[in-house]
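Here the structure comes first, spelled out in structure tokens, and everything after it is commentary.
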Amino acid sequence: MSKHILIVDDEEMIRELLSSALEMEAYECHTASNVDEALTLLGTIPVDLVISDIMMRGRSGVDLLRELKLIDKDIAVLMITGLSDMNTALECVHLGADDYITKPFGINRVILTVKNLMERRSLTLEKKQYQASLEFKVQEQTAQIRNTMNELSHAYDSTLTALVKALDAREKEVGSHSERVMNYAVLLGEKMGVAGKELQELAKGALLHDIGKIGISDNILLKPGPLDEREWLEMRRHPEVGYAILSEIDFLKGPADMILSHHERFDGSGYPKRLKGDQIPLSSRIFTLVDTLDAMTSDRPYRNALPFARMTAEIITCKGSQFDPEITDLFTSIPRQLWEECAGKRLMD
Ligand SMILES: [Fe+2]
Ligand SMILES: [Fe+2]
């Protein structure tokens, strides 16, 4: 594609001389006899290089240069000046002209300078395009990484859900105890003002709360009768086993803390550390209550689900001993219908 040159000079002879010489070099030349004409032309044709006289009738070449730099900083500009006008020529370079030539000039010198400036301009444009494409690539890759991270976190979630379903199935849970307590925990947690990352940790912790039971043998876990002393000790290790498993995994450290304390009781009679009141993480205090809620409202091999009102009464009885009183009060203030929505089932009358 041929390059366009705009020649601005008030002397017709110079315009003719320059344009015929440059057209021989395969440039496409346009001419203007003053600044206003030049600016009009610039609005209609794509110009790569402007050759402009400095001293002209009306506005000067310096004025044109100023306007040019506002229109497009990348247009190459070559100024032509009389010998007596060196200071203005230098001022032009300062204002962004790429080079200047003094009159009288040899035409070969002009052609050589034009070729150099065109070359330089191509390189600048190429570099700009390259940078733009680099930026685009970076943006594209950032978006890809973000997508992958999202997919990964979905994959994590589904892996966890699958794992937990397997655990629930082993304990012959009806439906999914773990998923129900996760929903309940989020409902009660939001009421307590838990939000953002903490709420997510509460949800994950609830989902995985009994993961430590993975290490307990079927003989104990599924034993139909009451457990003896040794079996109880074994059973009571599951919060610590769960903690040991999860605290090794970066994104599950928060849930791991909750799990370690999910069998603590508000009055300090729980396990493993016999923590009391505020010593127990808030998420664990919230979780303990909804775990009990679900256990009581689900059928067990040895008994049927308790009615909702009966369960509520039992929980209120344990206010202050097993459960945080404040959380117990909040629990009773939440309408039954919301719990049923979390459970995805009707709770017994
Ligand atoms: Fe547990
Ligand atoms: Fe549970």
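Just so we're on the same page: first chain in the structure tokens is A, next is B, and so on; residues restart at 1 for each chain, and ligands are numbered from 1 in the order they show up.
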
What are the closest atom pairs, with distances in Å to one decimal, for each residue of chain A lying within 7 Å of ligand 2, using only C-alpha atoms and all ligand atoms, rows by chain and rising residue number, as a tab-separated table?
```
residue	atom	partner	partner_atom_place_in_ligand_line	distance
A:His177	CA	ligand 2	1 (Fe)	6.8
A:Ser178	CA	ligand 2	1 (Fe)	6.7
A:His209	CA	ligand 2	1 (Fe)	6.6
A:Asp210	CA	ligand 2	1 (Fe)	6.2
A:Asp291	CA	ligand 2	1 (Fe)	5.1
```

Could you give me, as a JSON list (two decimals) with C-alpha atoms, in the first residue's frame, every polymer residue with an atom at most 8 Å away from an atom of ligand 1, counting only C-alpha atoms and all ligand atoms?
```json
[["chain", "number", "residue", "atom", "x", "y", "z"],
["A", 209, "HIS", "CA", -17.98, -32.04, 59.80],
["A", 210, "ASP", "CA", -17.77, -35.79, 60.26],
["A", 213, "LYS", "CA", -15.18, -40.74, 60.86],
["A", 238, "HIS", "CA", -13.20, -38.01, 64.89],
["A", 239, "PRO", "CA", -13.00, -34.18, 65.32],
["A", 262, "HIS", "CA", -17.92, -29.28, 66.54],
["A", 263, "HIS", "CA", -18.50, -31.44, 69.62]]
```

Would you please extract all alpha helix (DSSP H) residues from range 33-203 of chain A, as assigned by DSSP on the backbone, and give them as number ranges by chain? A: 35-42, 61-71, 86-95, 107-170, 177-191, 196-203

Write the residues of the preceding selection, restricted to C-alpha atoms, as an mmCIF file, in the first residue's frame.
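Generated file (out11.cif):
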```cif
data_model
loop_
_atom_site.group_PDB
_atom_site.id
_atom_site.type_symbol
_atom_site.label_atom_id
_atom_site.label_comp_id
_atom_site.auth_asym_id
_atom_site.auth_seq_id
_atom_site.Cartn_x
_atom_site.Cartn_y
_atom_site.Cartn_z
ATOM 1 C CA VAL A 35 -2.398 25.712 6.864
ATOM 2 C CA ASP A 36 -6.201 25.774 6.657
ATOM 3 C CA GLU A 37 -6.192 23.911 3.363
ATOM 4 C CA ALA A 38 -3.785 21.380 4.878
ATOM 5 C CA LEU A 39 -6.009 20.792 7.889
ATOM 6 C CA THR A 40 -9.044 20.261 5.656
ATOM 7 C CA LEU A 41 -7.149 17.682 3.622
ATOM 8 C CA LEU A 42 -5.950 15.938 6.762
ATOM 9 C CA GLY A 61 4.161 25.937 9.748
ATOM 10 C CA VAL A 62 4.649 26.041 13.542
ATOM 11 C CA ASP A 63 0.887 26.464 13.993
ATOM 12 C CA LEU A 64 0.280 23.515 11.687
ATOM 13 C CA LEU A 65 2.754 21.389 13.631
ATOM 14 C CA ARG A 66 0.956 22.126 16.894
ATOM 15 C CA GLU A 67 -2.399 21.110 15.401
ATOM 16 C CA LEU A 68 -0.903 17.999 13.819
ATOM 17 C CA LYS A 69 0.383 16.719 17.127
ATOM 18 C CA LEU A 70 -3.120 17.111 18.560
ATOM 19 C CA ILE A 71 -4.717 15.202 15.667
ATOM 20 C CA MET A 86 17.380 28.163 12.468
ATOM 21 C CA ASN A 87 15.870 29.055 15.809
ATOM 22 C CA THR A 88 12.355 28.368 14.612
ATOM 23 C CA ALA A 89 13.527 25.107 13.069
ATOM 24 C CA LEU A 90 14.904 23.990 16.425
ATOM 25 C CA GLU A 91 11.694 25.065 18.123
ATOM 26 C CA CYS A 92 9.810 22.830 15.694
ATOM 27 C CA VAL A 93 11.943 19.838 16.651
ATOM 28 C CA HIS A 94 11.174 20.668 20.255
ATOM 29 C CA LEU A 95 7.444 20.697 19.405
ATOM 30 C CA ILE A 107 16.034 17.048 -3.810
ATOM 31 C CA ASN A 108 18.012 13.851 -3.160
ATOM 32 C CA ARG A 109 18.580 14.934 0.391
ATOM 33 C CA VAL A 110 14.805 15.410 0.802
ATOM 34 C CA ILE A 111 14.050 11.980 -0.633
ATOM 35 C CA LEU A 112 16.552 10.320 1.663
ATOM 36 C CA THR A 113 15.157 12.068 4.719
ATOM 37 C CA VAL A 114 11.580 11.150 3.749
ATOM 38 C CA LYS A 115 12.557 7.495 3.361
ATOM 39 C CA ASN A 116 14.202 7.474 6.784
ATOM 40 C CA LEU A 117 11.219 9.075 8.448
ATOM 41 C CA MET A 118 8.798 6.647 6.795
ATOM 42 C CA GLU A 119 10.910 3.725 7.983
ATOM 43 C CA ARG A 120 11.027 5.065 11.514
ATOM 44 C CA ARG A 121 7.271 5.612 11.519
ATOM 45 C CA SER A 122 6.604 2.029 10.358
ATOM 46 C CA LEU A 123 8.745 0.694 13.179
ATOM 47 C CA THR A 124 6.951 2.844 15.751
ATOM 48 C CA LEU A 125 3.553 1.701 14.520
ATOM 49 C CA GLU A 126 4.623 -1.939 14.484
ATOM 50 C CA LYS A 127 5.872 -1.641 18.032
ATOM 51 C CA LYS A 128 2.588 -0.071 19.090
ATOM 52 C CA GLN A 129 0.594 -2.820 17.432
ATOM 53 C CA TYR A 130 2.770 -5.437 19.042
ATOM 54 C CA GLN A 131 2.224 -3.878 22.459
ATOM 55 C CA ALA A 132 -1.514 -3.701 21.887
ATOM 56 C CA SER A 133 -1.613 -7.353 20.883
ATOM 57 C CA LEU A 134 0.474 -8.242 23.933
ATOM 58 C CA GLU A 135 -1.952 -6.429 26.192
ATOM 59 C CA PHE A 136 -4.811 -8.212 24.504
ATOM 60 C CA LYS A 137 -3.095 -11.563 25.029
ATOM 61 C CA VAL A 138 -2.505 -10.812 28.697
ATOM 62 C CA GLN A 139 -6.155 -9.905 29.132
ATOM 63 C CA GLU A 140 -7.236 -13.030 27.325
ATOM 64 C CA GLN A 141 -5.005 -15.221 29.443
ATOM 65 C CA THR A 142 -6.139 -13.549 32.650
ATOM 66 C CA ALA A 143 -9.719 -14.338 31.698
ATOM 67 C CA GLN A 144 -8.746 -17.935 30.964
ATOM 68 C CA ILE A 145 -7.009 -18.324 34.306
ATOM 69 C CA ARG A 146 -10.036 -16.884 36.051
ATOM 70 C CA ASN A 147 -12.309 -19.346 34.267
ATOM 71 C CA THR A 148 -10.049 -22.236 35.123
ATOM 72 C CA MET A 149 -9.987 -21.172 38.771
ATOM 73 C CA ASN A 150 -13.776 -21.041 38.781
ATOM 74 C CA GLU A 151 -14.019 -24.441 37.171
ATOM 75 C CA LEU A 152 -11.499 -25.775 39.649
ATOM 76 C CA SER A 153 -13.407 -24.478 42.607
ATOM 77 C CA HIS A 154 -16.594 -26.057 41.196
ATOM 78 C CA ALA A 155 -14.663 -29.271 40.734
ATOM 79 C CA TYR A 156 -13.451 -29.044 44.346
ATOM 80 C CA ASP A 157 -17.002 -28.529 45.524
ATOM 81 C CA SER A 158 -18.325 -31.490 43.588
ATOM 82 C CA THR A 159 -15.467 -33.660 44.815
ATOM 83 C CA LEU A 160 -16.235 -32.695 48.401
ATOM 84 C CA THR A 161 -19.957 -33.349 47.907
ATOM 85 C CA ALA A 162 -19.237 -36.761 46.407
ATOM 86 C CA LEU A 163 -16.909 -37.629 49.279
ATOM 87 C CA VAL A 164 -19.454 -36.550 51.841
ATOM 88 C CA LYS A 165 -22.231 -38.527 50.136
ATOM 89 C CA ALA A 166 -20.031 -41.603 50.409
ATOM 90 C CA LEU A 167 -19.548 -40.925 54.132
ATOM 91 C CA ASP A 168 -23.254 -40.382 54.688
ATOM 92 C CA ALA A 169 -24.041 -43.582 52.821
ATOM 93 C CA ARG A 170 -21.624 -45.504 55.039
ATOM 94 C CA HIS A 177 -27.456 -35.234 56.472
ATOM 95 C CA SER A 178 -24.307 -33.321 55.549
ATOM 96 C CA GLU A 179 -25.921 -31.237 52.839
ATOM 97 C CA ARG A 180 -28.920 -30.430 55.048
ATOM 98 C CA VAL A 181 -26.744 -29.264 57.940
ATOM 99 C CA MET A 182 -24.745 -27.174 55.499
ATOM 100 C CA ASN A 183 -27.923 -25.374 54.403
ATOM 101 C CA TYR A 184 -29.128 -25.006 57.984
ATOM 102 C CA ALA A 185 -25.744 -23.649 59.084
ATOM 103 C CA VAL A 186 -25.801 -21.024 56.346
ATOM 104 C CA LEU A 187 -29.332 -19.957 57.317
ATOM 105 C CA LEU A 188 -28.465 -19.592 60.998
ATOM 106 C CA GLY A 189 -25.008 -18.174 60.247
ATOM 107 C CA GLU A 190 -26.455 -15.387 58.108
ATOM 108 C CA LYS A 191 -28.864 -14.547 60.932
ATOM 109 C CA GLY A 196 -18.340 -13.604 53.012
ATOM 110 C CA LYS A 197 -15.361 -15.884 53.504
ATOM 111 C CA GLU A 198 -16.463 -16.908 57.011
ATOM 112 C CA LEU A 199 -19.860 -17.961 55.755
ATOM 113 C CA GLN A 200 -18.221 -20.064 53.038
ATOM 114 C CA GLU A 201 -15.976 -21.668 55.636
ATOM 115 C CA LEU A 202 -18.961 -22.384 57.834
ATOM 116 C CA ALA A 203 -20.721 -24.044 54.887
#
```

Among listed residues A:Gly270, A:Ile316, A:Val290, A:Asp72, nearest Gly43 in chain A (using only C-alpha atoms): A:Asp72

Enumerate as a ChimeraX atom specification all residues of range 73-126 of chain A assigned to strand (DSSP E or B) by DSSP on the backbone, naming them with the chain letters and numbers the document uses. /A:76-82,99-103

Using only C-alpha atoms, please write the residues we just selected to a file, as an mmCIF file, in the first residue's frame.
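This went into part04.cif:
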```cif
data_model
loop_
_atom_site.group_PDB
_atom_site.id
_atom_site.type_symbol
_atom_site.label_atom_id
_atom_site.label_comp_id
_atom_site.auth_asym_id
_atom_site.auth_seq_id
_atom_site.Cartn_x
_atom_site.Cartn_y
_atom_site.Cartn_z
ATOM 1 C CA ALA A 76 5.775 12.097 10.759
ATOM 2 C CA VAL A 77 6.598 15.763 10.190
ATOM 3 C CA LEU A 78 9.412 17.231 8.179
ATOM 4 C CA MET A 79 9.830 21.031 8.333
ATOM 5 C CA ILE A 80 11.372 23.181 5.631
ATOM 6 C CA THR A 81 13.011 26.412 6.674
ATOM 7 C CA GLY A 82 15.098 29.292 5.326
ATOM 8 C CA ASP A 99 13.455 16.575 11.236
ATOM 9 C CA TYR A 100 14.033 19.780 9.251
ATOM 10 C CA ILE A 101 15.665 20.727 5.993
ATOM 11 C CA THR A 102 17.050 24.146 5.105
ATOM 12 C CA LYS A 103 16.397 25.991 1.869
#
```

Which of A:Asp349, A:Glu341, A:Asp53, A:Asp9 sits closest to Ser33 in chain A [using only C-alpha atoms]: A:Asp9

Pick out the closest residue to Met192 in chain A from this set: A:Asp324, A:Asp267, A:Glu229, A:Asp299. Count only C-alpha atoms.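 Checking each of A:Asp324, A:Asp267, A:Glu229, A:Asp299 against Met192 in chain A, counting only C-alpha atoms, the winner is A:Asp324.
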
From the set A:Ile51, A:Ala295, A:Met1, A:Leu227, which residue has the shortest atom-to-atom contact distance to Tyr27 in chain A, counting only C-alpha atoms?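 Of A:Ile51, A:Ala295, A:Met1, A:Leu227, the one nearest Tyr27 in chain A, counting only C-alpha atoms, is A:Met1.
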
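The smallest atom-to-atom distance between Pro335 in chain A and any of A:Thr312, A:Ser19, A:Thr297, A:Gln279, using only C-alpha atoms, is found for A:Thr312.
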
Using only C-alpha atoms, pick whichever of A:Thr328, A:Ser20, A:Ser261, A:Thr31 has the shortest atom-to-atom distance to Leu293 in chain A. A:Thr328

What's the 10 Å shell around Pro46 in chain A, counting only C-alpha atoms, without same-chain residues fewer than 4 positions away, as a PyMOL selection string? chain A and resi 3-6+41-42+75

Distance CA of Gln322 in chain A-CA of Phe266 in chain A, one decimal place? 5.1 Å
